[in-house]
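K.L.:
So here's structure_29.txt (compact mmCIF, C-alpha atoms).
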# COMPACT_ATOMS: atom_id res chain seq x y z
CA MET A 353 -35.67 -35.18 -35.08
CA SER A 354 -38.17 -32.53 -34.03
CA GLY A 355 -39.06 -28.98 -34.94
CA LYS A 356 -41.88 -26.47 -34.93
CA THR A 357 -42.43 -26.79 -38.67
CA LYS A 358 -41.61 -29.25 -41.43
CA THR A 359 -39.24 -26.69 -42.90
CA GLU A 360 -37.29 -26.52 -39.62
CA VAL A 361 -37.09 -30.31 -39.42
CA ARG A 362 -35.80 -30.53 -43.01
CA ALA A 363 -33.17 -27.87 -42.24
CA LYS A 364 -31.98 -29.82 -39.21
CA LEU A 365 -31.80 -33.00 -41.28
CA ARG A 366 -29.68 -31.25 -43.89
CA GLU A 367 -27.32 -29.97 -41.16
CA LEU A 368 -27.04 -33.44 -39.66
CA ARG A 369 -26.30 -35.06 -43.02
CA ALA A 370 -23.66 -32.41 -43.72
CA GLU A 371 -22.05 -33.00 -40.35
CA LEU A 372 -22.03 -36.77 -40.83
CA LYS A 373 -20.49 -36.35 -44.26
CA GLN A 374 -17.81 -33.98 -42.96
CA THR A 375 -16.86 -35.61 -39.65
CA GLY A 376 -18.46 -39.02 -39.56
CA VAL A 377 -19.92 -38.11 -36.16
CA LYS A 378 -23.59 -37.81 -35.27
CA SER A 379 -23.74 -35.17 -32.55
CA SER A 380 -25.99 -35.79 -29.58
CA ALA A 381 -29.11 -33.65 -29.70
CA THR A 382 -29.37 -33.46 -25.90
CA TYR A 383 -25.73 -33.24 -24.75
CA THR A 384 -25.18 -29.85 -23.10
CA VAL A 385 -22.15 -27.66 -22.49
CA GLU A 386 -22.55 -28.32 -18.76
CA GLN A 387 -22.37 -32.07 -19.34
CA ALA A 388 -19.30 -31.66 -21.53
CA VAL A 389 -17.51 -29.52 -18.96
CA ASN A 390 -18.38 -31.84 -16.08
CA ASP A 391 -17.20 -34.87 -18.05
CA TRP A 392 -13.90 -33.12 -18.76
CA LEU A 393 -13.48 -32.12 -15.11
CA ALA A 394 -14.11 -35.71 -14.05
CA LYS A 395 -11.95 -37.47 -16.63
CA GLY A 396 -9.72 -34.95 -18.36
CA LEU A 397 -7.62 -33.75 -15.41
CA LYS A 398 -6.14 -36.99 -14.20
CA GLY A 399 -2.79 -36.58 -12.47
CA ARG A 400 -3.10 -32.81 -12.18
CA ASP A 401 -2.12 -30.95 -9.03
CA PRO A 402 -5.14 -30.64 -6.66
CA ASN A 403 -4.73 -26.85 -6.53
CA SER A 404 -4.87 -26.67 -10.34
CA VAL A 405 -7.96 -28.87 -10.42
CA SER A 406 -9.62 -26.61 -7.84
CA THR A 407 -8.85 -23.54 -9.95
CA TYR A 408 -10.19 -25.13 -13.13
CA ARG A 409 -13.34 -26.28 -11.36
CA SER A 410 -14.01 -22.86 -9.89
CA LEU A 411 -13.63 -21.09 -13.23
CA ALA A 412 -15.65 -23.76 -15.02
CA VAL A 413 -18.58 -23.57 -12.60
CA ASN A 414 -18.65 -19.79 -12.17
CA HIS A 415 -18.10 -18.80 -15.78
CA VAL A 416 -18.45 -21.55 -18.38
CA ILE A 417 -21.32 -23.54 -16.85
CA ALA A 418 -23.01 -20.48 -15.36
CA ASP A 419 -23.10 -18.72 -18.74
CA LEU A 420 -23.25 -21.48 -21.35
CA GLY A 421 -24.15 -24.61 -19.40
CA LYS A 422 -27.73 -25.04 -20.60
CA ALA A 423 -26.86 -24.69 -24.29
CA LYS A 424 -26.89 -27.85 -26.41
CA LEU A 425 -23.31 -28.43 -27.43
CA ARG A 426 -24.31 -29.28 -30.99
CA ASP A 427 -26.10 -25.94 -31.33
CA LEU A 428 -23.29 -23.85 -29.86
CA SER A 429 -21.84 -21.58 -32.53
CA ALA A 430 -18.44 -19.95 -32.87
CA ASP A 431 -20.17 -16.58 -32.93
CA ALA A 432 -21.87 -17.31 -29.58
CA VAL A 433 -18.52 -18.27 -28.06
CA ASP A 434 -16.92 -15.14 -29.49
CA CYS A 435 -19.61 -12.92 -27.94
CA TRP A 436 -19.32 -14.75 -24.62
CA LEU A 437 -15.55 -14.23 -24.49
CA ASP A 438 -15.99 -10.55 -25.30
CA GLU A 439 -18.30 -10.25 -22.31
CA LYS A 440 -15.82 -12.09 -20.09
CA SER A 441 -13.01 -9.79 -21.22
CA GLU A 442 -14.86 -6.84 -19.70
CA VAL A 443 -14.80 -8.30 -16.18
CA LEU A 444 -11.89 -10.77 -16.05
CA ALA A 445 -8.13 -10.37 -16.30
CA THR A 446 -6.48 -11.58 -19.49
CA SER A 447 -5.12 -14.69 -17.80
CA SER A 448 -8.59 -15.63 -16.55
CA VAL A 449 -10.15 -15.08 -19.97
CA GLU A 450 -7.51 -17.37 -21.44
CA MET A 451 -8.28 -20.01 -18.84
CA VAL A 452 -12.07 -20.03 -19.29
CA HIS A 453 -11.59 -20.20 -23.07
CA SER A 454 -9.17 -23.08 -22.60
CA ILE A 455 -11.64 -24.91 -20.34
CA LEU A 456 -14.38 -24.70 -22.95
CA ARG A 457 -12.06 -25.70 -25.79
CA ARG A 458 -10.68 -28.69 -23.92
CA ALA A 459 -14.12 -29.78 -22.72
CA ILE A 460 -15.36 -29.81 -26.31
CA THR A 461 -12.25 -31.68 -27.45
CA HIS A 462 -13.05 -34.29 -24.78
CA ALA A 463 -16.61 -34.47 -26.09
CA GLN A 464 -15.28 -34.95 -29.62
CA ARG A 465 -13.24 -37.95 -28.50
CA ASN A 466 -16.43 -39.47 -27.15
CA ASP A 467 -18.33 -38.71 -30.39
CA ASN A 468 -20.75 -36.35 -28.65
CA VAL A 469 -20.05 -33.50 -31.06
CA GLY A 470 -18.52 -33.16 -34.49
CA ARG A 471 -16.49 -29.95 -34.35
CA ASN A 472 -14.93 -27.72 -31.76
CA VAL A 473 -16.33 -24.22 -32.20
CA ALA A 474 -14.23 -22.89 -29.32
CA ALA A 475 -11.09 -23.65 -31.32
CA LEU A 476 -12.31 -21.34 -34.09
CA VAL A 477 -12.32 -18.25 -31.87
CA GLU A 478 -9.47 -15.97 -30.80
CA THR A 479 -9.07 -15.15 -27.11
CA PRO A 480 -9.59 -11.42 -26.48
CA GLU A 481 -7.50 -9.45 -24.04
CA GLY A 482 -9.08 -8.99 -20.63
CA GLN A 483 -8.68 -6.40 -17.93
CA VAL A 484 -5.30 -5.35 -16.63
CA GLY A 485 -4.52 -7.48 -13.59
CA ARG A 486 -3.25 -6.30 -10.26
CA PRO A 487 0.20 -4.79 -10.98
CA SER A 488 3.11 -6.29 -9.11
CA LYS A 489 5.42 -4.02 -7.17
CA SER A 490 8.65 -4.29 -5.28
CA LEU A 491 10.05 -3.02 -2.00
CA THR A 492 12.40 -0.08 -2.09
CA LEU A 493 15.76 -0.50 -0.38
CA GLU A 494 14.47 1.50 2.60
CA GLN A 495 11.32 -0.63 2.84
CA ALA A 496 13.35 -3.83 2.56
CA LYS A 497 15.64 -2.74 5.40
CA ALA A 498 12.62 -1.79 7.50
CA VAL A 499 11.17 -5.26 7.04
CA LEU A 500 14.45 -6.97 7.88
CA THR A 501 15.32 -4.86 10.95
CA SER A 502 12.00 -4.15 12.67
CA THR A 503 10.82 -7.72 13.11
CA SER A 504 11.07 -9.60 16.39
CA ARG A 505 13.84 -12.08 17.09
CA GLY A 506 13.35 -15.51 15.51
CA GLY A 507 10.11 -16.79 14.08
CA TRP A 508 9.50 -18.71 10.89
CA ILE A 509 7.90 -15.83 8.98
CA ARG A 510 10.90 -13.57 9.54
CA ALA A 511 13.18 -16.33 8.22
CA TYR A 512 10.79 -16.91 5.31
CA VAL A 513 10.97 -13.24 4.34
CA VAL A 514 14.76 -13.09 4.67
CA VAL A 515 15.22 -16.14 2.42
CA SER A 516 12.69 -14.92 -0.14
CA LEU A 517 14.06 -11.39 -0.29
CA LEU A 518 17.78 -12.16 -0.20
CA VAL A 519 17.83 -15.35 -2.29
CA GLY A 520 14.93 -14.62 -4.66
CA ILE A 521 13.34 -18.08 -4.89
CA ARG A 522 9.69 -18.51 -5.79
CA THR A 523 6.98 -18.78 -3.13
CA GLU A 524 6.20 -22.26 -4.45
CA GLU A 525 9.85 -23.19 -3.93
CA VAL A 526 10.18 -21.74 -0.42
CA ARG A 527 7.27 -23.55 1.23
CA PRO A 528 8.42 -27.12 0.38
CA LEU A 529 12.07 -26.41 1.22
CA LYS A 530 13.50 -29.07 3.56
CA TRP A 531 16.44 -28.85 5.93
CA SER A 532 18.24 -31.58 4.01
CA ARG A 533 18.51 -29.12 1.11
CA VAL A 534 19.91 -26.31 3.27
CA HIS A 535 23.68 -26.36 3.77
CA LEU A 536 24.72 -23.68 6.24
CA SER A 537 28.18 -25.05 7.10
CA PRO A 538 29.31 -27.19 4.15
CA ALA A 539 32.73 -28.85 4.17
CA ASP A 540 35.71 -28.48 1.81
CA GLY A 541 35.43 -24.73 1.48
CA VAL A 542 32.03 -24.81 -0.26
CA VAL A 543 30.00 -21.67 0.42
CA PRO A 544 26.69 -21.93 2.30
CA HIS A 545 23.95 -22.74 -0.18
CA ILE A 546 20.39 -23.93 -0.75
CA GLU A 547 19.40 -26.63 -3.22
CA VAL A 548 16.24 -25.34 -4.90
CA TRP A 549 15.17 -28.66 -6.31
CA ARG A 550 11.46 -28.97 -5.54
CA SER A 551 8.27 -26.92 -5.69
CA VAL A 552 4.67 -27.34 -4.57
CA ARG A 553 3.72 -28.34 -8.10
CA ARG A 554 2.57 -31.85 -8.95
CA ARG A 555 5.19 -34.41 -7.91
CA GLY A 556 7.44 -31.54 -6.83
CA GLU A 557 8.13 -30.55 -10.44
CA MET A 558 9.93 -27.27 -11.10
CA LYS A 559 8.45 -24.52 -13.23
CA THR A 560 11.08 -24.76 -15.99
CA HIS A 561 14.07 -26.99 -16.73
CA LYS A 562 16.38 -24.25 -15.41
CA SER A 563 14.40 -23.74 -12.21
CA ARG A 564 16.28 -26.60 -10.52
CA ARG A 565 19.35 -24.80 -9.23
CA THR A 566 21.74 -24.54 -6.30
CA LEU A 567 22.15 -21.02 -4.92
CA ALA A 568 24.73 -19.50 -2.61
CA VAL A 569 23.15 -17.56 0.25
CA PRO A 570 24.28 -14.35 1.97
CA ARG A 571 25.55 -14.56 5.53
CA GLN A 572 22.38 -12.80 6.73
CA VAL A 573 20.42 -15.83 5.54
CA VAL A 574 22.82 -18.21 7.28
CA VAL A 575 22.38 -16.39 10.60
CA VAL A 576 18.60 -16.34 10.42
CA LEU A 577 18.30 -19.98 9.35
CA GLU A 578 20.65 -21.11 12.10
CA GLU A 579 18.41 -19.33 14.60
CA LEU A 580 15.31 -20.89 13.09
CA GLN A 581 16.80 -24.38 13.14
CA ALA A 582 17.84 -24.00 16.78
CA GLU A 583 14.35 -22.83 17.66
CA GLN A 584 12.75 -25.76 15.84
CA ARG A 585 15.06 -28.22 17.60
CA ARG A 586 14.04 -26.80 21.00
CA ARG A 587 10.35 -26.97 20.15
CA ARG A 588 10.59 -30.56 18.91
CA GLU A 589 12.56 -31.57 21.99
CA ALA A 590 9.90 -29.99 24.21
CA LEU A 591 7.28 -32.05 22.36
CA GLY A 592 9.35 -35.22 22.76
CA LEU A 593 10.13 -35.39 19.03
CA ALA A 594 13.46 -36.17 17.41
CA TRP A 595 15.02 -33.76 14.95
CA ASP A 596 13.94 -34.55 11.39
CA PRO A 597 16.40 -33.45 8.66
CA GLU A 598 13.63 -34.03 6.12
CA GLY A 599 11.35 -31.63 7.92
CA PHE A 600 10.12 -28.45 6.27
CA VAL A 601 12.23 -25.39 6.99
CA PHE A 602 9.12 -23.25 7.32
CA GLY A 603 6.74 -26.00 8.43
CA THR A 604 4.14 -25.99 11.18
CA ASP A 605 4.85 -27.22 14.71
CA SER A 606 3.32 -30.55 13.72
CA GLY A 607 5.71 -30.81 10.77
CA GLU A 608 3.27 -30.03 7.97
CA GLN A 609 3.96 -27.78 5.01
CA ARG A 610 2.39 -24.36 5.43
CA THR A 611 -0.29 -23.27 3.00
CA ALA A 612 -0.04 -20.22 0.79
CA ASP A 613 -2.85 -18.61 2.80
CA GLN A 614 -0.98 -19.12 6.09
CA VAL A 615 2.13 -17.53 4.62
CA ARG A 616 0.18 -14.60 3.20
CA ARG A 617 -1.55 -13.81 6.53
CA SER A 618 1.69 -14.01 8.52
CA PHE A 619 3.56 -11.95 5.93
CA ARG A 620 1.02 -9.13 6.11
CA ALA A 621 1.12 -9.21 9.91
CA LEU A 622 4.89 -8.82 9.71
CA LEU A 623 4.53 -5.84 7.36
CA ARG A 624 2.08 -4.27 9.78
CA GLN A 625 4.69 -4.70 12.52
CA ALA A 626 7.27 -3.06 10.22
CA GLY A 627 5.05 0.04 9.92
CA PHE A 628 3.46 -0.53 6.49
CA GLU A 629 0.21 1.43 6.24
CA GLN A 630 -1.54 -0.99 3.89
CA PRO A 631 -0.01 -4.44 4.36
CA GLU A 632 -3.01 -6.05 2.68
CA LYS A 633 -1.79 -4.55 -0.60
CA TRP A 634 1.30 -6.77 -0.57
CA THR A 635 1.78 -10.46 -1.34
CA PRO A 636 4.74 -12.80 -0.61
CA ARG A 637 5.53 -13.20 -4.32
CA GLU A 638 6.54 -9.53 -4.40
CA LEU A 639 9.58 -10.39 -2.29
CA ARG A 640 10.96 -12.08 -5.41
CA HIS A 641 10.12 -8.99 -7.47
CA SER A 642 11.97 -6.95 -4.85
CA PHE A 643 15.00 -9.24 -5.16
CA VAL A 644 15.11 -8.64 -8.92
CA SER A 645 14.59 -4.90 -8.52
CA LEU A 646 17.37 -4.54 -5.95
CA LEU A 647 19.82 -6.50 -8.08
CA SER A 648 18.92 -4.49 -11.17
CA ASP A 649 19.32 -1.21 -9.28
CA ARG A 650 22.76 -2.43 -8.29
CA GLY A 651 23.72 -2.85 -11.94
CA ILE A 652 23.66 -6.66 -12.04
CA PRO A 653 23.42 -7.86 -15.69
CA ILE A 654 20.09 -9.33 -16.69
CA GLU A 655 21.82 -12.57 -17.74
CA VAL A 656 22.96 -13.09 -14.15
CA ILE A 657 19.54 -12.21 -12.73
CA ALA A 658 17.84 -14.65 -15.11
CA ARG A 659 20.18 -17.45 -14.06
CA VAL A 660 19.73 -16.79 -10.34
CA VAL A 661 15.93 -16.63 -10.47
CA GLY A 662 15.75 -19.78 -12.60
CA HIS A 663 14.43 -18.43 -15.88
CA SER A 664 15.08 -20.29 -19.12
CA THR A 665 16.05 -17.12 -20.98
CA THR A 666 16.44 -13.42 -20.33
CA VAL A 667 13.29 -12.93 -22.41
CA VAL A 668 11.25 -14.46 -19.59
CA THR A 669 12.97 -12.26 -17.02
CA GLU A 670 12.35 -9.12 -19.07
CA LYS A 671 8.69 -10.02 -19.63
CA VAL A 672 7.86 -10.95 -16.04
CA TYR A 673 9.97 -8.31 -14.30
CA ARG A 674 10.02 -5.53 -16.86
CA LYS A 675 8.92 -2.96 -14.25
CA GLN A 676 11.61 -4.07 -11.83
CA LEU A 677 14.52 -4.09 -14.30
CA ARG A 678 16.70 -1.17 -15.22
CA PRO A 679 17.51 -0.91 -18.94
CA VAL A 680 20.79 -1.60 -18.84
CA ILE A 681 29.62 -8.30 -10.33
CA THR A 682 28.96 -10.52 -8.58
CA GLU A 683 26.37 -13.28 -8.23
CA GLY A 684 23.07 -12.65 -6.45
CA ALA A 685 24.17 -13.68 -2.95
CA GLU A 686 27.30 -11.50 -3.04
CA ALA A 687 25.30 -8.53 -4.30
CA MET A 688 22.70 -8.86 -1.55
CA GLU A 689 25.44 -9.02 1.06
CA ASP A 690 26.84 -5.78 -0.32
CA ILE A 691 23.42 -4.09 -0.39
CA PHE A 692 22.75 -4.88 3.27
CA ASP A 693 26.38 -4.72 4.42
CA ASP A 694 25.81 -2.16 7.16
CA GLY A 695 25.04 -5.07 9.48
CA ARG A 696 21.77 -3.66 10.73
CA ALA A 697 19.66 -5.84 8.42
CA ALA A 698 21.16 -9.01 9.84
CA THR A 699 20.99 -7.96 13.50
CA PRO A 700 18.14 -9.83 15.29
Would you encode the structure as structure tokens?
P.N.:
Amino acid sequence: MSGKTKTEVRAKLRELRAELKQTGVKSSATYTVEQAVNDWLAKGLKGRDPNSVSTYRSLAVNHVIADLGKAKLRDLSADAVDCWLDEKSEVLATSSVEMVHSILRRAITHAQRNDNVGRNVAALVETPEGQVGRPSKSLTLEQAKAVLTSTSRGGWIRAYVVVSLLVGIRTEEVRPLKWSRVHLSPADGVVPHIEVWRSVRRRGEMKTHKSRRTLAVPRQVVVVLEELQAEQRRRREALGLAWDPEGFVFGTDSGEQRTADQVRRSFRALLRQAGFEQPEKWTPRELRHSFVSLLSDRGIPIEVIARVVGHSTTVVTEKVYRKQLRPVITEGAEAMEDIFDDGRAATP
């Protein structure tokens, strides 16, 4: 135990005795916030999706360690954490503020389990609201038709957009979709459908228990996917490769799953081709928002929309898509067929 004066040393001794009495843990005098965060990153994220780990690591390094890393964990106060979060709330979106707070709280919890600190000061602080994030938007009917009719014949990105816009599945559900889950000509009078059973999440897990669903698809989707499959078969034959029913519907020529960045770049190039002035302002996830908006404009009940998009309750649908929903019949596929029934949207 050290200090500049005897009085300071006695004060530290009293604090240590009080901590030992309260928690039974003798906090390390040298263990820093940076060490705690790095230990948690190394040992506390086992089994997590690599993309999630990358996000946590980036936020931890750029915000938690950069701002608080040198502080001794034992000396970190709830007031210091509170002030730090207030500063973060001025530059980060609410979701990011919540994440950096969570990282610190979980890192300290990990340190507690290893007896490196007695209490978790981050758990004593409320998370403040951050900045308003980038607002989501949706395509108008005219914009949607422009996207569907002005693109060139064939191509995986056109098919990707058609499926996303007319079926409304999540971006994380579209990219891992395999041909074995696409039924364009099912037997026994069953309508064409897609089995949305996997996502890009860890082990293919779905976002919620109701996200695993089987969805009928409009005939426009059938036409486009048949074209895409025929094109893929020709390309594989030219490369001397057999057709793989377990291949990705929107995969690369080598059969790999496309990354979110690849999809985003191709999507914006397609919008540029469709005459959008600022394609960089749009993201693929807004195709799903557009799906919800178009159904809502058509008078489809929110209960139906929630079921089609895979939400557990209508509360989730109203919260996530509140700007796309009208305050308020057919299922989603039938409605989309009706919306684009003039035939021009499906014409290659």
K.L.:
Need the shell around Ser441 (chain A): protein/DNA/RNA residues with any atom at most 12 Å away, counting all atoms listed in the file. Skip same-chain ones fewer than 4 positions apart. Format as number ranges by chain?
P.N.:
A: 415, 434-437, 445-453, 478-485
K.L.:
Write out as an MDAnalysis selection string which residues come within 10 Å of Thr666 (chain A) when counting all atoms listed in the file, dropping same-chain ones fewer than 3 positions away.
P.N.:
chainID A and resid 654:659 663 669:672
K.L.:
Can you measure CA of Leu580 (chain A) to CA of Thr492 (chain A) for me? One decimal in Å is fine.
P.N.:
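Computing the Euclidean distance for CA of Leu580 (chain A) and CA of Thr492 (chain A) yields 25.9 Å.
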K.L.:
Considering all atoms listed in the file, can you say which of A:Lys395, A:Arg457, A:Arg400, A:Arg510 comes closest to Val416 (chain A)?
P.N.:
A:Arg457
K.L.:
Nearest to Ser516 (chain A): which of A:Ala394, A:Ala687, A:Leu639, A:Ala612 is it, counting all atoms listed in the file?
P.N.:
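The closest residue to Ser516 (chain A) is A:Leu639.
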K.L.:
Do you know which residues are at most 8 Å from Val385 (chain A) counting only C-alpha atoms, after dropping those on the same chain fewer than 2 positions away, and could you put them as an NGL selection string?
P.N.:
:A and (383 or 387-389 or 417 or 420-425)
K.L.:
Which one is closest to Ile455 (chain A): A:Phe600, A:Trp595, A:Trp392, A:Trp508? Count all atoms listed in the file.
P.N.:
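Counting all atoms listed in the file, the residue closest to Ile455 (chain A) is A:Trp392.
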K.L.:
CA of Thr407 (chain A) and CA of Val473 (chain A), how far apart in Å?
P.N.:
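Result for CA of Val473 (chain A) versus CA of Thr407 (chain A): 23.5 Å, one decimal.
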K.L.:
Could you please determine the separation between CA of Asp467 (chain A) and CA of Ser429 (chain A) in Å, to one decimal place?
P.N.:
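So the two atoms, CA of Asp467 (chain A) and CA of Ser429 (chain A), lie 17.6 Å apart.
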K.L.:
Just want the 8 Å neighbourhood of Leu622 (chain A), counted on only C-alpha atoms, with same-chain residues fewer than 3 positions away dropped. Output as a ChimeraX atom specification.
P.N.:
/A:499,503,509-510,618-619,625-626
K.L.:
Considering all atoms listed in the file, state which residue in the set A:Ile652, A:Lys489, A:Val477, A:Val615 is at the smallest distance from Asp438 (chain A).
P.N.:
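Closest to Asp438 (chain A) of all the choices is A:Val477.
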